[in-house]
Each structure stands twice: as C-alpha cells, then as structure tokens.
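Participant: Input file: protein29.cif. Contents: mmCIF, C-alpha atoms.
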data_my_file
loop_
_atom_site.label_atom_id
_atom_site.label_comp_id
_atom_site.auth_asym_id
_atom_site.auth_seq_id
_atom_site.Cartn_x
_atom_site.Cartn_y
_atom_site.Cartn_z
CA MET R 13 21.55 3.27 -7.03
CA SER R 14 19.93 6.62 -7.42
CA ARG R 15 16.34 7.76 -7.35
CA THR R 16 16.12 8.01 -11.17
CA ASP R 17 17.10 4.32 -11.49
CA VAL R 18 14.01 3.20 -9.59
CA LEU R 19 11.42 5.97 -9.87
CA VAL R 20 9.88 7.98 -12.70
CA SER R 21 7.76 11.11 -12.35
CA ALA R 22 4.17 11.34 -13.56
CA ASP R 23 5.38 13.82 -16.22
CA TRP R 24 7.96 11.33 -17.48
CA ALA R 25 5.36 8.56 -17.52
CA GLN R 26 2.91 10.68 -19.50
CA GLU R 27 5.59 11.52 -22.08
CA HIS R 28 6.62 7.89 -22.51
CA LEU R 29 3.25 6.14 -22.72
CA GLY R 30 3.35 3.79 -25.70
CA ASP R 31 7.15 3.67 -26.01
CA ALA R 32 8.46 0.40 -27.45
CA GLY R 33 10.15 -1.82 -24.89
CA LEU R 34 8.31 -0.12 -22.03
CA VAL R 35 5.32 -1.79 -20.35
CA PHE R 36 3.15 0.14 -17.93
CA VAL R 37 1.48 -2.09 -15.35
CA GLU R 38 -1.25 -1.07 -12.92
CA VAL R 39 -1.31 -3.17 -9.74
CA ASP R 40 -4.27 -3.11 -7.37
CA GLU R 41 -6.17 -5.30 -5.05
CA ASP R 42 -9.44 -3.94 -6.34
CA THR R 43 -9.02 -3.71 -10.12
CA SER R 44 -12.33 -1.91 -10.70
CA ALA R 45 -10.32 1.35 -10.76
CA TYR R 46 -8.29 0.04 -13.69
CA ASP R 47 -11.43 -1.05 -15.49
CA LYS R 48 -12.88 2.46 -15.30
CA GLY R 49 -9.74 4.14 -16.55
CA HIS R 50 -6.01 3.45 -16.68
CA LEU R 51 -2.84 4.84 -18.19
CA GLU R 52 -2.97 4.46 -21.96
CA GLY R 53 -1.66 1.02 -22.89
CA ALA R 54 -1.17 -0.18 -19.32
CA VAL R 55 -1.93 -3.80 -18.46
CA LYS R 56 -3.35 -4.76 -15.07
CA LEU R 57 -2.21 -7.10 -12.36
CA ASP R 58 -4.62 -8.11 -9.63
CA TRP R 59 -2.75 -8.44 -6.35
CA LYS R 60 -4.99 -11.19 -5.07
CA THR R 61 -5.80 -13.30 -8.12
CA ASP R 62 -2.59 -12.82 -10.13
CA LEU R 63 0.11 -12.58 -7.48
CA GLN R 64 -1.16 -14.88 -4.70
CA ASP R 65 -1.35 -18.66 -4.91
CA PRO R 66 -5.05 -19.62 -5.09
CA LEU R 67 -4.71 -22.43 -2.53
CA ARG R 68 -1.78 -22.08 -0.13
CA ARG R 69 -0.90 -18.88 1.67
CA ASP R 70 2.08 -17.84 -0.42
CA PHE R 71 2.71 -15.88 -3.51
CA VAL R 72 2.91 -17.46 -6.96
CA ASP R 73 5.95 -19.61 -7.65
CA LYS R 74 8.49 -19.16 -10.46
CA GLU R 75 6.49 -21.15 -13.01
CA GLN R 76 3.25 -19.32 -12.17
CA PHE R 77 5.06 -15.98 -12.41
CA GLU R 78 6.47 -16.94 -15.81
CA ALA R 79 3.02 -17.96 -17.04
CA LEU R 80 1.51 -14.71 -15.73
CA LEU R 81 4.04 -12.40 -17.36
CA SER R 82 3.97 -14.38 -20.61
CA ALA R 83 0.17 -14.08 -20.74
CA LYS R 84 0.34 -10.33 -19.99
CA GLY R 85 2.75 -9.86 -22.91
CA ILE R 86 5.74 -8.83 -20.80
CA SER R 87 9.09 -10.08 -22.07
CA ASN R 88 12.44 -10.39 -20.31
CA ASP R 89 13.73 -7.44 -22.35
CA ASP R 90 10.92 -5.07 -21.44
CA ALA R 91 11.34 -2.31 -18.91
CA VAL R 92 8.38 -2.46 -16.55
CA VAL R 93 6.87 0.70 -15.07
CA LEU R 94 4.51 0.02 -12.16
CA TYR R 95 1.85 2.21 -10.60
CA GLY R 96 -1.31 1.64 -8.59
CA GLY R 97 -3.81 2.78 -5.99
CA ASN R 98 -3.43 2.91 -2.18
CA ASN R 99 -0.41 5.23 -2.52
CA ASN R 100 1.41 2.61 -4.63
CA TRP R 101 1.28 -0.06 -1.89
CA PHE R 102 0.49 -2.89 -4.26
CA ALA R 103 2.71 -1.47 -7.01
CA ALA R 104 5.58 -1.45 -4.49
CA TYR R 105 4.68 -5.02 -3.57
CA ALA R 106 4.81 -5.98 -7.26
CA TYR R 107 8.13 -4.10 -7.63
CA TRP R 108 9.61 -6.18 -4.79
CA TYR R 109 8.18 -9.27 -6.44
CA PHE R 110 9.66 -8.46 -9.88
CA LYS R 111 13.05 -7.95 -8.17
CA LEU R 112 12.61 -11.21 -6.27
CA TYR R 113 12.19 -13.08 -9.57
CA GLY R 114 15.15 -11.27 -11.12
CA HIS R 115 13.50 -8.67 -13.36
CA ASP R 116 15.90 -5.77 -12.90
CA ALA R 117 14.43 -3.23 -15.33
CA VAL R 118 11.52 -2.12 -13.17
CA LYS R 119 10.50 1.30 -11.87
CA LEU R 120 7.65 2.91 -9.98
CA VAL R 121 5.64 5.95 -11.05
CA ASP R 122 6.08 8.43 -8.19
CA GLY R 123 2.67 9.13 -6.65
CA GLY R 124 1.00 6.27 -8.50
CA ARG R 125 -2.62 6.46 -9.49
CA LYS R 126 -3.45 9.01 -6.83
CA LYS R 127 -1.17 11.79 -8.06
CA TRP R 128 -2.22 10.97 -11.62
CA GLU R 129 -5.87 11.49 -10.70
CA LEU R 130 -5.27 14.54 -8.52
CA ASP R 131 -3.40 16.11 -11.46
CA SER R 132 -6.40 15.26 -13.70
CA ARG R 133 -4.12 13.48 -16.17
CA PRO R 134 -5.74 11.46 -18.99
CA LEU R 135 -7.06 7.94 -18.35
CA SER R 136 -8.17 5.45 -20.97
CA ASP R 137 -10.90 2.82 -20.77
CA ALA R 138 -9.74 1.03 -23.93
CA GLU R 139 -9.06 -2.66 -23.51
CA VAL R 140 -5.34 -3.45 -23.65
CA THR R 141 -4.02 -6.63 -25.19
CA ARG R 142 -0.38 -7.48 -25.82
CA PRO R 143 0.91 -10.50 -27.75
CA ALA R 144 1.93 -13.34 -25.44
CA THR R 145 5.62 -13.84 -24.69
CA GLN R 146 7.86 -16.61 -23.36
CA TYR R 147 8.94 -15.07 -20.08
CA THR R 148 11.67 -16.76 -18.05
CA ALA R 149 12.05 -15.88 -14.36
CA LYS R 150 15.10 -16.45 -12.18
CA GLU R 151 15.07 -18.42 -8.95
CA PRO R 152 13.59 -16.29 -6.14
CA ASP R 153 16.10 -14.01 -4.44
CA THR R 154 15.36 -14.68 -0.77
CA SER R 155 17.95 -12.09 0.30
CA ILE R 156 15.03 -9.62 0.17
CA ARG R 157 12.33 -11.85 1.68
CA ALA R 158 12.11 -12.65 5.41
CA PHE R 159 10.40 -15.72 6.87
CA ARG R 160 8.93 -16.11 10.36
CA ASP R 161 11.81 -17.95 12.02
CA GLU R 162 14.34 -15.31 11.08
CA VAL R 163 11.92 -12.63 12.25
CA VAL R 164 11.68 -14.23 15.69
CA ALA R 165 15.50 -14.57 15.70
CA ALA R 166 15.80 -10.88 14.76
CA ILE R 167 14.17 -9.67 17.99
CA ASP R 168 16.70 -7.51 19.86
CA SER R 169 19.38 -8.17 17.20
CA LYS R 170 18.33 -6.75 13.81
CA ASN R 171 16.35 -3.62 13.01
CA LEU R 172 12.66 -4.51 12.97
CA VAL R 173 10.50 -1.81 11.41
CA ASP R 174 6.75 -1.98 11.92
CA VAL R 175 5.27 0.27 9.23
CA ARG R 176 1.61 0.08 10.33
CA SER R 177 -0.25 3.00 11.82
CA PRO R 178 0.49 3.89 15.47
CA ASP R 179 -2.86 2.47 16.60
CA GLU R 180 -2.14 -0.88 14.94
CA PHE R 181 1.36 -0.90 16.44
CA ALA R 182 -0.04 -0.16 19.90
CA GLY R 183 -2.61 -2.94 19.57
CA LYS R 184 -5.62 -0.63 19.51
CA LEU R 185 -6.55 -1.67 15.95
CA VAL R 186 -5.76 -5.01 14.27
CA ALA R 187 -6.30 -3.83 10.69
CA PRO R 188 -6.05 -0.56 8.78
CA ALA R 189 -9.07 1.56 9.58
CA HIS R 190 -10.79 1.16 6.23
CA LEU R 191 -11.39 -2.50 7.11
CA PRO R 192 -13.53 -4.20 9.76
CA GLN R 193 -11.57 -4.81 12.97
CA GLU R 194 -11.68 -8.58 13.09
CA GLY R 195 -9.21 -11.44 12.70
CA ALA R 196 -7.64 -14.34 14.51
CA GLN R 197 -4.46 -12.50 15.39
CA ARG R 198 -3.56 -11.05 18.76
CA PRO R 199 -3.04 -7.29 18.53
CA GLY R 200 0.33 -5.68 19.18
CA HIS R 201 3.79 -5.69 17.62
CA ILE R 202 7.03 -7.69 17.55
CA PRO R 203 9.17 -6.86 20.59
CA SER R 204 12.05 -4.45 19.81
CA ALA R 205 10.37 -3.23 16.61
CA VAL R 206 10.31 0.51 15.98
CA ASN R 207 7.15 2.04 14.56
CA VAL R 208 7.74 4.12 11.44
CA PRO R 209 4.40 4.25 9.60
CA TRP R 210 4.84 3.88 5.83
CA SER R 211 2.86 7.11 5.45
CA LYS R 212 5.68 9.14 6.99
CA ALA R 213 7.72 8.31 3.86
CA ALA R 214 5.11 9.75 1.51
CA ASN R 215 3.66 13.15 0.76
CA GLU R 216 -0.10 13.60 0.73
CA ASP R 217 -0.25 13.17 -3.05
CA GLY R 218 1.40 9.76 -2.71
CA THR R 219 4.87 10.81 -3.96
CA PHE R 220 7.93 9.83 -1.93
CA LYS R 221 9.59 12.40 0.29
CA SER R 222 13.12 13.57 -0.59
CA ASP R 223 16.14 11.38 0.14
CA GLU R 224 17.22 13.84 2.84
CA GLU R 225 13.83 13.72 4.58
CA LEU R 226 13.75 9.92 4.33
CA ALA R 227 17.26 9.48 5.71
CA ALA R 228 16.37 11.72 8.67
CA LEU R 229 13.10 9.86 9.27
CA TYR R 230 14.73 6.47 9.84
CA ALA R 231 17.78 7.87 11.64
CA ASP R 232 15.49 9.71 14.08
CA ALA R 233 13.49 6.50 14.63
CA GLY R 234 16.68 4.82 15.82
CA LEU R 235 17.39 2.54 12.87
CA ASP R 236 20.96 1.29 13.24
CA ASP R 237 22.82 1.65 9.92
CA GLY R 238 25.21 -1.11 10.91
CA LYS R 239 22.48 -3.73 11.20
CA ALA R 240 20.30 -5.66 8.80
CA THR R 241 16.65 -4.60 8.64
CA ILE R 242 13.33 -6.45 8.36
CA ALA R 243 10.17 -4.49 7.56
CA TYR R 244 6.66 -5.76 8.20
CA CYS R 245 3.04 -4.57 8.28
CA ARG R 246 -0.16 -6.61 8.23
CA ILE R 247 0.06 -8.52 4.93
CA GLY R 248 3.33 -7.25 3.46
CA GLU R 249 2.25 -4.58 0.99
CA ARG R 250 2.76 -1.44 3.10
CA SER R 251 6.12 -2.89 4.16
CA SER R 252 7.00 -3.31 0.47
CA HIS R 253 6.60 0.46 0.25
CA THR R 254 9.09 0.86 3.13
CA TRP R 255 11.37 -1.84 1.70
CA PHE R 256 11.44 0.24 -1.50
CA VAL R 257 12.39 3.36 0.46
CA LEU R 258 15.13 1.71 2.52
CA HIS R 259 16.63 -0.59 -0.11
CA GLU R 260 15.99 1.20 -3.40
CA LEU R 261 15.91 4.91 -2.52
CA LEU R 262 18.27 5.06 0.46
CA GLY R 263 20.49 2.17 -0.66
CA HIS R 264 20.60 0.24 2.62
CA ALA R 265 22.36 -3.02 1.76
CA ASP R 266 20.49 -5.66 3.77
CA VAL R 267 16.75 -5.06 3.93
CA LYS R 268 14.10 -7.76 3.83
CA ASN R 269 10.33 -7.59 3.57
CA TYR R 270 8.44 -9.97 5.86
CA ASP R 271 5.35 -10.62 3.75
CA GLY R 272 3.85 -12.97 6.36
CA SER R 273 3.67 -9.85 8.51
CA TRP R 274 1.22 -9.40 11.36
CA THR R 275 -1.42 -11.77 10.02
CA GLU R 276 1.17 -14.53 10.40
CA TYR R 277 3.16 -13.33 13.41
CA GLY R 278 0.09 -12.36 15.45
CA SER R 279 -1.32 -15.86 14.94
CA LEU R 280 1.81 -17.82 15.94
CA VAL R 281 1.63 -19.85 19.11
CA GLY R 282 4.20 -19.00 21.73
CA VAL R 283 5.99 -16.02 20.22
CA PRO R 284 6.51 -12.85 22.29
CA ILE R 285 4.29 -9.84 21.61
CA ALA R 286 4.58 -6.26 22.85
CA LYS R 287 1.71 -3.81 23.23
CA GLY R 288 1.48 -0.07 23.70
CA ALA R 289 3.24 2.77 21.92
CA MET I 106 -6.60 -7.38 2.74
CA CYS I 107 -5.40 -3.84 2.95
CA GLY I 108 -6.92 -2.72 -0.34
CA ALA I 109 -9.86 -0.40 0.01
CA PRO I 110 -13.17 -2.17 -0.35
CA LYS I 111 -15.93 -0.62 -2.40
CA GLN I 112 -17.26 2.43 -0.57
CA GLY I 113 -20.86 3.12 0.35
CA GLY I 114 -23.66 0.59 0.38
CA ALA I 115 -25.55 -1.05 3.20
CA LEU I 116 -24.26 -1.71 6.69
CA ALA I 117 -25.53 -5.29 6.53
CA GLY I 118 -23.12 -7.73 8.13
CA ILE I 119 -21.37 -5.02 10.16
CA ASP I 120 -21.72 -5.48 13.92
CA LEU I 121 -22.39 -1.97 15.22
CA SER I 122 -22.27 -3.18 18.82
CA THR I 123 -18.51 -3.76 18.44
CA GLN I 124 -17.36 -1.75 15.40
CA THR I 125 -16.73 1.98 15.40
CA VAL I 126 -17.85 3.00 11.95
CA ILE I 127 -17.08 6.49 10.66
CA GLN I 128 -18.85 7.19 7.42
CA GLY I 129 -20.23 10.01 5.33
CA SER I 130 -19.85 11.74 2.01
CA VAL I 131 -17.82 14.45 0.31
CA TRP I 132 -19.66 17.37 -1.29
CA HIS I 133 -18.69 20.27 -3.51
CA ASP I 134 -20.93 22.89 -5.10
CA GLY I 135 -24.12 21.02 -4.17
CA SER I 136 -23.01 17.67 -5.61
CA PRO I 137 -21.30 14.58 -4.18
CA VAL I 138 -17.65 14.19 -5.18
CA ALA I 139 -16.81 10.76 -6.61
CA GLY I 140 -13.20 9.60 -6.61
CA ALA I 141 -12.06 11.91 -3.80
CA TYR I 142 -9.28 10.60 -1.54
CA VAL I 143 -10.40 10.65 2.08
CA ARG I 144 -7.87 9.96 4.81
CA LEU I 145 -8.40 9.27 8.47
CA LEU I 146 -5.83 10.82 10.82
CA ASP I 147 -5.47 9.90 14.47
CA ALA I 148 -5.33 12.30 17.42
CA THR I 149 -1.62 12.95 16.72
CA ASP I 150 -2.40 13.78 13.08
CA GLU I 151 -0.84 10.53 11.91
CA PHE I 152 -2.25 8.79 8.84
CA THR I 153 -4.41 5.79 9.72
CA ALA I 154 -6.24 4.90 6.52
CA GLU I 155 -7.37 6.24 3.18
CA VAL I 156 -10.23 5.37 0.84
CA VAL I 157 -11.55 6.65 -2.47
CA THR I 158 -15.18 7.84 -2.48
CA SER I 159 -17.88 5.93 -4.34
CA PRO I 160 -19.82 7.37 -7.32
CA GLU I 161 -22.18 8.83 -4.66
CA GLY I 162 -19.27 10.48 -2.85
CA GLU I 163 -19.38 8.08 0.11
CA PHE I 164 -16.59 6.86 2.40
CA ARG I 165 -16.44 4.49 5.39
CA PHE I 166 -13.82 3.68 8.04
CA PHE I 167 -13.64 1.10 10.82
CA ALA I 168 -11.87 2.89 13.65
CA ALA I 169 -11.89 2.83 17.42
CA PRO I 170 -13.57 5.20 19.88
CA GLY I 171 -11.70 8.51 20.18
CA GLU I 172 -10.73 11.72 18.39
CA TRP I 173 -10.17 11.54 14.65
CA LYS I 174 -9.63 13.89 11.76
CA LEU I 175 -10.95 13.38 8.24
CA ARG I 176 -9.25 15.07 5.30
CA SER I 177 -10.31 14.85 1.67
CA LEU I 178 -8.19 15.53 -1.40
CA ALA I 179 -9.67 15.96 -4.85
CA PRO I 180 -8.84 17.93 -8.00
CA VAL I 181 -11.59 20.43 -6.99
CA GLY I 182 -10.03 21.11 -3.58
CA ARG I 183 -9.72 19.83 -0.04
CA ALA I 184 -11.75 19.72 3.14
CA GLU I 185 -11.11 18.73 6.74
CA ARG I 186 -13.20 17.87 9.77
CA VAL I 187 -12.45 16.74 13.33
CA LEU I 188 -14.81 14.34 15.03
CA SER I 189 -15.17 12.33 18.19
CA ALA I 190 -16.24 8.75 17.46
CA GLU I 191 -18.00 6.22 19.66
CA VAL I 192 -18.78 2.54 19.17
CA GLY I 193 -21.53 2.27 16.56
CA LEU I 194 -22.28 4.49 13.61
CA ASN I 195 -20.68 7.94 13.37
CA GLU I 196 -21.86 9.93 10.35
CA THR I 197 -20.42 13.15 8.98
CA THR I 198 -20.10 15.25 5.85
CA LEU I 199 -17.03 16.84 4.29
CA ALA I 200 -17.78 19.98 2.29
CA ILE I 201 -15.14 21.29 -0.10
CA ALA I 202 -15.47 25.07 -0.19
#
Write the structure described by the file as structure tokens, please.
Facilitator:
Amino acid sequence: MSRTDVLVSADWAQEHLGDAGLVFVEVDEDTSAYDKGHLEGAVKLDWKTDLQDPLRRDFVDKEQFEALLSAKGISNDDAVVLYGGNNNWFAAYAYWYFKLYGHDAVKLVDGGRKKWELDSRPLSDAEVTRPATQYTAKEPDTSIRAFRDEVVAAIDSKNLVDVRSPDEFAGKLVAPAHLPQEGAQRPGHIPSAVNVPWSKAANEDGTFKSDEELAALYADAGLDDGKATIAYCRIGERSSHTWFVLHELLGHADVKNYDGSWTEYGSLVGVPIAKGA
Amino acid sequence: MCGAPKQGGALAGIDLSTQTVIQGSVWHDGSPVAGAYVRLLDATDEFTAEVVTSPEGEFRFFAAPGEWKLRSLAPVGRAERVLSAEVGLNETTLAIA
C-alpha cells in the first residue's frame, strides 16, 4: 500500500472531475456547506442521516448501505473519491465505512474541503443527480472495527490511541471545544492509552503530513509496532482519521477503529478510567 | 456530534454560569470574513477545535477557563490572537492585516 493508492491531491481531483467511473462524494455532518457549493458533480452523504441508523446507536447495516449507495448512483465498479469538512474527519469515517463493507476502490482528497476552499478552487451549486444502481455490499469486515469488550480487554495489552485533544484526554473537556461541554459520560481516558491528537497528523491546511513525519509521530508516542492497535476519540470520526493514517498510509497490519469511542466508554458502568495528562 | 454547528446567532439555551464561551468575528479590510477557518489552540499550542465562520464572520467555542490562542486561516490571509478566558462570555475580534 502506498500513499497514491489511498490519497489523491486537490490538483488531481480538479483534473479528474467528471471522469467516467469516478464518483466524488462529499461527506459532512452539516451538509449546508455542500448545498452552498461542492466539487462539480459530487454527490453528498450526510454523516448523521445517511450513515447512522435512525433508531439504534449503530451505523447502517449492509442492506441499508446497499440501498444508500444504489440511490446515490454509486455502483460496485465505480472508484469513489471522498472529501469533506472538519479536516476530512467525516470523509475518513466514510472511507473506513466503505472499506468495512468491502468497497476497495476508494480514496480521499488530501486536505478535503478546507484546502480546496483555501486554494479558492471552483465550487458548483448545481444539483447533482446520478441514475440509481444496484449496489451490492459485502459482509462487514470487523477486523477494522473494535467493540467495547475488546477495548476493555486491550487495556495494558494492545496499543490504545486516544486521538482527542489533550484537554479531552486529561478530562478537562468532555467534547471538542466547538461544542457545549455537556454529556452523561465521565471525563478522562482509557487506562494505558497514549494521547496522539489526530491534528498532529495533519498540516494546517488539512493535508496529511509526510510518511516520515507520521512514522516518527507514533514511534515517539510509544506505539509498539509489534502490537495490534485500537484508535478512539469521542464518536469515532477523528479516530477514523487516525485509523486512515496508521492502516492506510503507514501500513500497520492490525488497526481497529473503536467507533463507540468515549461517548460509549465514558458511560459504561464499572470500567476503569484514568485522568490527567 | 463533532461536526461544527452553525456559527453565530443568539446565546439562548447556553448556560453562561457553567460554560466558558469564546466567541467573536474575523475581519479584513473593514468587512467580516465569511468562511474563514478559525482554530482554537491550547496553552501548549495544540489544536483543540476548529470552526468555519458564519456569513457575518462569526465563530464560537466552548472551552474551559485558561489561556487560549485563536488562529484564523482564509484565502485573504491569517490572523492570530492570545486570550485568557473565564467562565461566561469571552468576546474577541481577529483582524487579518
């Protein structure tokens, strides 16, 4: 796996807008950005309404994913190119999700919507419709998804990477600082987790740092190459960004994203919690 | 949710006796800058959060008392400001030179 297999530059994306067999997809939690202007021809996915089950706390199942992609006009043969706001958090989440359901031809636009805007590249407000398809997903690949019991079992045995900000890790904040500080969870982090904020893997324009810088970042943080790794954050989207770095860019073999993350772990009865830096 | 909520607007529903709100607007050349990326950095210069300004150039963070740095990025340029926040409303302005 090399960087060019999983990532495209904004220049490349701009040159290939409209190519047959290539579907650009913008993924956001707040899709009002897409509605004001998006990459020419890109369809949108709403993290909350499209990718999360409307009733249970879980993401959409195989059948719901098939229905979603079919309705968006994405076929099994299409190469999917994802980008989005929040430094590609939700695009990275969708990337992980496409991989989980077996769609291998998927890439991220380096820097996402942010770099695109900072470069003043063209955006379109034209409505995008694609003819419906008959998409077939594979069974979910749980080798990249961690559940709570294995997270508790991983304390002091696997690498646990908490990718939230230092203040969230320390228990000073319970949510990222653009959100009100409320919630049922106890603040803190999973014992034995190392804190490597997702933002350390990105440049200010939202692009990923070089492979050399990334390798040094996790080595310096004490990540043991010989062990399996589980990444988590608050709801699993920032940790998708780190999962992408560790598994897709650096090629670590056994890396899982714990999408239950702190909103689940910090609400569990009886599990150990650590506080402080 | 970790996605950035819509920026600006009233403080209704926000408990200023417990929340440490840092808010303000980004200006350039006498006008507010819409769509600027504003990030909040902690006392060690580590990224804490980022939002995109509203059509009126506004941003808002929910932080904790202490020292913070605000940095804005936009096609027209960048600006930076250090501030000390307390519980309640902390207002500031970022001017891009």
Participant: Show me, as a PyMOL selection string, the residues of chain R whose atoms get within 7 Å of chain I, using all atoms listed in the file for the distance check.
Facilitator: chain R and resi 41-42+98+130-132+177+188-193+211
Participant: Please list as a list in words every residue within 10 Å of R:Asp266, counting all atoms listed in the file and excluding residues in the same chain fewer than 2 positions away.
Facilitator: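 Result of the neighbour search: Ser155, Ile156, Asp237, Gly238, Lys239, Ala240, Thr241, Ile242, Leu258, His259, Gly263, His264 and Lys268 of chain R.
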Participant: Could you write out as a list in words the residues that the PyMOL selection byres ((chain R and resi 32) around 12) matches in the shown file?
Facilitator: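 This file, filtered by the PyMOL selection byres ((chain R and resi 32) around 12), leaves His28, Leu29, Gly30, Asp31, Gly33, Leu34, Val35, Phe36, Gly53, Ile86, Ser87, Asp89, Asp90, Ala91, Val92 and Arg142 of chain R.
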Participant: Tell me which residues the PyMOL selection byres ((chain R and resi 134-141) around 12) grabs here, as a compact mmCIF listing (two decimals) with C-alpha atoms, in the coordinates of the input.
Facilitator:
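Saved result, selection_20.txt, follows:
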# COMPACT_ATOMS: atom_id res chain seq x y z
CA ALA R 22 4.17 11.34 -13.56
CA ASP R 23 5.38 13.82 -16.22
CA ALA R 25 5.36 8.56 -17.52
CA GLN R 26 2.91 10.68 -19.50
CA GLU R 27 5.59 11.52 -22.08
CA LEU R 29 3.25 6.14 -22.72
CA GLY R 30 3.35 3.79 -25.70
CA VAL R 35 5.32 -1.79 -20.35
CA PHE R 36 3.15 0.14 -17.93
CA VAL R 37 1.48 -2.09 -15.35
CA GLU R 38 -1.25 -1.07 -12.92
CA SER R 44 -12.33 -1.91 -10.70
CA ALA R 45 -10.32 1.35 -10.76
CA TYR R 46 -8.29 0.04 -13.69
CA ASP R 47 -11.43 -1.05 -15.49
CA LYS R 48 -12.88 2.46 -15.30
CA GLY R 49 -9.74 4.14 -16.55
CA HIS R 50 -6.01 3.45 -16.68
CA LEU R 51 -2.84 4.84 -18.19
CA GLU R 52 -2.97 4.46 -21.96
CA GLY R 53 -1.66 1.02 -22.89
CA ALA R 54 -1.17 -0.18 -19.32
CA VAL R 55 -1.93 -3.80 -18.46
CA LYS R 56 -3.35 -4.76 -15.07
CA ALA R 83 0.17 -14.08 -20.74
CA LYS R 84 0.34 -10.33 -19.99
CA GLY R 85 2.75 -9.86 -22.91
CA ILE R 86 5.74 -8.83 -20.80
CA ARG R 125 -2.62 6.46 -9.49
CA LYS R 127 -1.17 11.79 -8.06
CA TRP R 128 -2.22 10.97 -11.62
CA GLU R 129 -5.87 11.49 -10.70
CA LEU R 130 -5.27 14.54 -8.52
CA ASP R 131 -3.40 16.11 -11.46
CA SER R 132 -6.40 15.26 -13.70
CA ARG R 133 -4.12 13.48 -16.17
CA ARG R 142 -0.38 -7.48 -25.82
CA PRO R 143 0.91 -10.50 -27.75
CA ALA R 144 1.93 -13.34 -25.44
Participant: Decode the PyMOL selection byres ((chain R and resi 229) around 12) for the given file into explicit residues and return them as a ChimeraX atom specification.
Facilitator: /R:206-214,221-228,230-235,254,257-258,262
Participant: Go ahead and compute the interatomic distance for atom CA of R:Arg15 and atom CA of R:Gly218, in Å to one decimal.
Facilitator: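 A separation of 15.8 Å between them.
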Participant: Would you kindly return, as a ChimeraX atom specification, each protein, DNA or RNA residue with an atom no farther than 10 Å from any atom of R:Ala104, considering all atoms listed in the file and excluding same-chain residues fewer than 6 positions away?
Facilitator: /R:39,94-96,110,119-121,124,249-257
Participant: For atom CA of I:Asn195 and atom CA of I:Leu175, quote the distance in Å rounded to one decimal.
Facilitator: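 Taking atom CA of I:Asn195 as the start and atom CA of I:Leu175 as the end point, the length is 12.3 Å.
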Participant: Please, what distance in Å, to one decimal, runs between atom CA of R:Asp122 and atom CA of R:Asp153?
Facilitator: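 Separating atom CA of R:Asp122 from atom CA of R:Asp153 is a distance of 24.9 Å.
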Participant: What are the centre and edge lengths in Å, to one decimal, of the axis-aligned box around all listed atoms of stretch 182-194 of chain I with 8 Å added on each side, as AutoDock Vina command-line options?
Facilitator:
--center_x -16.0 --center_y 11.7 --center_z 8.0 --size_x 28.6 --size_y 34.8 --size_z 39.2
